[in-house]
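Enquirer: A single structure is presented below for examination.
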Amino acid sequence: PSTDDLADEMEDVDFEEEGAEEPDADAWETEDDEGVEDGMEAQDDSEVTFSLHSASVFCVSLDPKTNTLAVTGGEDDKAFVWRVSDGELLFECSGHKDSVTCAGFSHDSVFVATGDMSGLIKVWRVDTKEEVWSFEVGDLEWMEWHPQAHVLLAGTADGNSWMWKIPSGDCKTFQGPACPATCGRILPDGKRAVVGYEDGTMRIWDLKQGTSLHVLKGQDGHQDPLTCVASNQDGSLIMTGSVDCHAKLVNSATGKVVCVFKMENMAPKAPTGEGEEAESNSVESLGFCNVMPLAAVGYLDGTLAIYDLSTQSLRHKCQHESGIVQLLWEESSAVVYTCSLDGAVRLWDARSGKMISEYRGHAAEILDFAVNKDASIVVTTSGDHQAKVFCVQRPDR
């Protein structure tokens, strides 16, 4: 047969159909694949796709100094440092033997730290791409760099929080209750940290002395495990979120609860039929606005609540179809970003409560995201094994 005949024959073959029979049809998906997975549109608004991970990508951070590099960690026990502009791999942070759930750059972008679930933490020097330090703790819950120093803080399942100087490795531990330290944050003054625990308690630690300045427990604490903590820009206020669906506003100087934000009508939805469980709800993420006295709380049932701190009241309720995984405020405006289980990133105007825009491109839930300083790009990671870069320049700029 001539080449023309062959070409005609090829045209007759319906590749779509054949692909569907293949067990690993996913490997053949192309950029403009029209296939819809789990009802998610195959629309892709992203500029760059990073696809070196071979399983769910759990975490992402941008380098604070230039915002040109991303580090991502995943269920494939791998972490990669790559360029945001084109997805080009800079180096792999190799040697992890469990899912990499924490990754981040030091305040000056000199170091990058990666931590896996089993508690192996490694630090690399970005310019030489060389590992400079590693340490093994118990099962890792969270990890964070100090805002002004080469110091790393991490919380583990045994209730301890650990602090190391990098790369010397000088170490200090802060002993919590005998239950996981589920979330933590170094306050902006760099001298204190707030840590939340599975038993509903919260402690404010003096990092230098290694002593606990305030403990919130019982009525002041939460009834269920803490899921997230945040502080405002000057560190005077802390907010804690929990599985109990409450968000508490705490004065960091006195350790006193200023107010409790409870969602009205937040009772779990009753089971509708046999064998169905009541839908659970919890606070998944929260944060303070830098330019107005506003705070945002994201819930597992898809509610984004914007609270007015001056009146301690609910200002807006923004509903998502599916659960909110994380939220972030823009650094210098009243715009809050959410990512959710439906695989979309959304921008909300906290003053009006209206959605500004929505970006899609993932074929599964978004698990983490980061926004650069001038709020022009968002980098997302997803259960679809990919990380994506979205340009979010807005018309009002």
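By order in the structure tokens, chains are A, B, ...; within a chain, residues start at 1; ligands start at 1, following the order shown.
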Which residues come within 8 Å of Leu153 (chain A), counting only C-alpha atoms, excluding same-chain residues fewer than 4 positions away, as a PDB file with N, CA, C and O atoms, in the first residue's frame?
Expert:
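Saved result, part_7.pdb, follows:
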ATOM      1  N   MET A 143       6.293  21.472  59.216  1.00  0.00           N
ATOM      2  CA  MET A 143       7.658  21.996  59.246  1.00  0.00           C
ATOM      3  C   MET A 143       7.626  23.423  58.722  1.00  0.00           C
ATOM      4  O   MET A 143       6.882  23.721  57.797  1.00  0.00           O
ATOM      5  N   GLU A 144       8.428  24.313  59.333  1.00  0.00           N
ATOM      6  CA  GLU A 144       8.427  25.703  58.888  1.00  0.00           C
ATOM      7  C   GLU A 144       9.778  26.354  59.142  1.00  0.00           C
ATOM      8  O   GLU A 144      10.418  26.113  60.158  1.00  0.00           O
ATOM      9  N   TRP A 145      10.203  27.198  58.198  1.00  0.00           N
ATOM     10  CA  TRP A 145      11.419  27.983  58.382  1.00  0.00           C
ATOM     11  C   TRP A 145      11.129  29.211  59.224  1.00  0.00           C
ATOM     12  O   TRP A 145      10.034  29.771  59.168  1.00  0.00           O
ATOM     13  N   HIS A 146      12.138  29.651  59.949  1.00  0.00           N
ATOM     14  CA  HIS A 146      12.069  30.895  60.712  1.00  0.00           C
ATOM     15  C   HIS A 146      12.023  32.066  59.723  1.00  0.00           C
ATOM     16  O   HIS A 146      12.691  32.037  58.697  1.00  0.00           O
ATOM     17  N   SER A 161       7.881  19.548  69.498  1.00  0.00           N
ATOM     18  CA  SER A 161       8.276  20.442  68.413  1.00  0.00           C
ATOM     19  C   SER A 161       9.790  20.552  68.493  1.00  0.00           C
ATOM     20  O   SER A 161      10.358  20.611  69.595  1.00  0.00           O
ATOM     21  N   TRP A 162      10.434  20.546  67.341  1.00  0.00           N
ATOM     22  CA  TRP A 162      11.894  20.562  67.270  1.00  0.00           C
ATOM     23  C   TRP A 162      12.347  21.839  66.592  1.00  0.00           C
ATOM     24  O   TRP A 162      11.718  22.309  65.658  1.00  0.00           O
ATOM     25  N   MET A 163      13.482  22.374  67.053  1.00  0.00           N
ATOM     26  CA  MET A 163      14.042  23.554  66.408  1.00  0.00           C
ATOM     27  C   MET A 163      15.537  23.322  66.186  1.00  0.00           C
ATOM     28  O   MET A 163      16.249  22.917  67.095  1.00  0.00           O
ATOM     29  N   TRP A 164      15.987  23.542  64.943  1.00  0.00           N
ATOM     30  CA  TRP A 164      17.403  23.351  64.617  1.00  0.00           C
ATOM     31  C   TRP A 164      17.975  24.608  63.992  1.00  0.00           C
ATOM     32  O   TRP A 164      17.307  25.281  63.216  1.00  0.00           O
TER      33      TRP A 164
END
Enquirer: Enumerate the residues of region 17-261 of chain A with a DSSP assignment of alpha helix (DSSP H), computed from the backbone, and present them as a list in words.
Expert: Glu17, Glu18, Gly19, Ala20 and Glu21 of chain A
Enquirer: Would you list the contacts of region 205-207 of chain A as a PyMOL selection string, taking every protein, DNA or RNA residue within 7 Å and counting only C-alpha atoms, but skipping same-chain residues closer than 5 positions in sequence?
Expert: chain A and resi 191-194+212-213
Enquirer: From the set A:Ile306, A:Val126, A:Asp170, A:His320, which residue has the shortest atom-to-atom contact distance to Asp349 (chain A), counting only C-alpha atoms?
Expert: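 Going through A:Ile306, A:Val126, A:Asp170, A:His320 one by one, the smallest distance to Asp349 (chain A) is for A:Ile306.
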Enquirer: Would you please work out which residue, of A:Trp329, A:Trp142, A:Phe369, A:Phe261, is nearest to Cys289 (chain A) when using only C-alpha atoms?
Expert: A:Trp329
Enquirer: Out of A:Ser231, A:Ser352, A:Ser118, A:Gln148, which residue has the shortest atom-to-atom distance to Val195 (chain A) when counting only C-alpha atoms?
Expert: A:Ser231
Enquirer: Set the distance at 10 Å and use only C-alpha atoms: which residues neighbour Leu89 (chain A) once local chain neighbours fewer than 3 positions away are removed? I'd like the list as a PyMOL selection string.
Expert: chain A and resi 50+52+69-71+80-84+86+92
Enquirer: Leaving out Thr303 (chain A) and any residue of its chain fewer than 3 positions from it, which residues lie within 12 Å of it when counting only C-alpha atoms, given as a JSON list (two decimals) with C-alpha atoms, in the first residue's frame?
Expert:
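So part.json came out as:
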[["chain", "number", "residue", "atom", "x", "y", "z"],
["A", 245, "CYS", "CA", -15.64, 23.79, 63.38],
["A", 263, "MET", "CA", -20.58, 28.96, 61.84],
["A", 264, "GLU", "CA", -24.33, 29.08, 62.33],
["A", 265, "ASN", "CA", -26.12, 26.10, 60.84],
["A", 266, "MET", "CA", -22.87, 24.18, 60.78],
["A", 281, "ASN", "CA", -17.07, 19.35, 58.65],
["A", 282, "SER", "CA", -14.02, 21.11, 60.04],
["A", 283, "VAL", "CA", -11.92, 24.24, 59.69],
["A", 284, "GLU", "CA", -9.26, 23.42, 57.08],
["A", 285, "SER", "CA", -7.42, 26.72, 56.62],
["A", 286, "LEU", "CA", -7.46, 30.31, 57.86],
["A", 296, "ALA", "CA", -10.90, 34.24, 56.30],
["A", 297, "VAL", "CA", -11.81, 30.72, 57.40],
["A", 298, "GLY", "CA", -12.18, 27.83, 54.97],
["A", 299, "TYR", "CA", -14.29, 24.82, 55.87],
["A", 300, "LEU", "CA", -14.41, 21.23, 54.64],
["A", 306, "ILE", "CA", -14.98, 36.28, 55.81],
["A", 316, "HIS", "CA", -19.56, 37.24, 53.86],
["A", 317, "LYS", "CA", -20.17, 33.58, 53.19],
["A", 318, "CYS", "CA", -18.76, 32.36, 49.86],
["A", 319, "GLN", "CA", -19.96, 28.90, 48.94],
["A", 320, "HIS", "CA", -17.88, 26.31, 47.06],
["A", 321, "GLU", "CA", -19.32, 23.14, 45.57],
["A", 322, "SER", "CA", -16.71, 21.05, 47.36],
["A", 323, "GLY", "CA", -14.38, 21.27, 50.34],
["A", 324, "ILE", "CA", -11.77, 24.00, 50.71],
["A", 325, "VAL", "CA", -8.26, 22.60, 51.11],
["A", 326, "GLN", "CA", -6.38, 25.81, 51.68],
["A", 327, "LEU", "CA", -6.73, 29.59, 51.49],
["A", 338, "THR", "CA", -8.95, 29.27, 47.73],
["A", 339, "CYS", "CA", -8.16, 25.87, 46.31],
["A", 340, "SER", "CA", -10.60, 23.06, 46.66],
["A", 353, "GLY", "CA", -17.80, 38.58, 48.92]]
Enquirer: Hey, can you check how far CA of Thr227 (chain A) sits from CA of Cys179 (chain A)?
Expert: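 Between CA of Thr227 (chain A) and CA of Cys179 (chain A) the gap works out to 13.6 Å.
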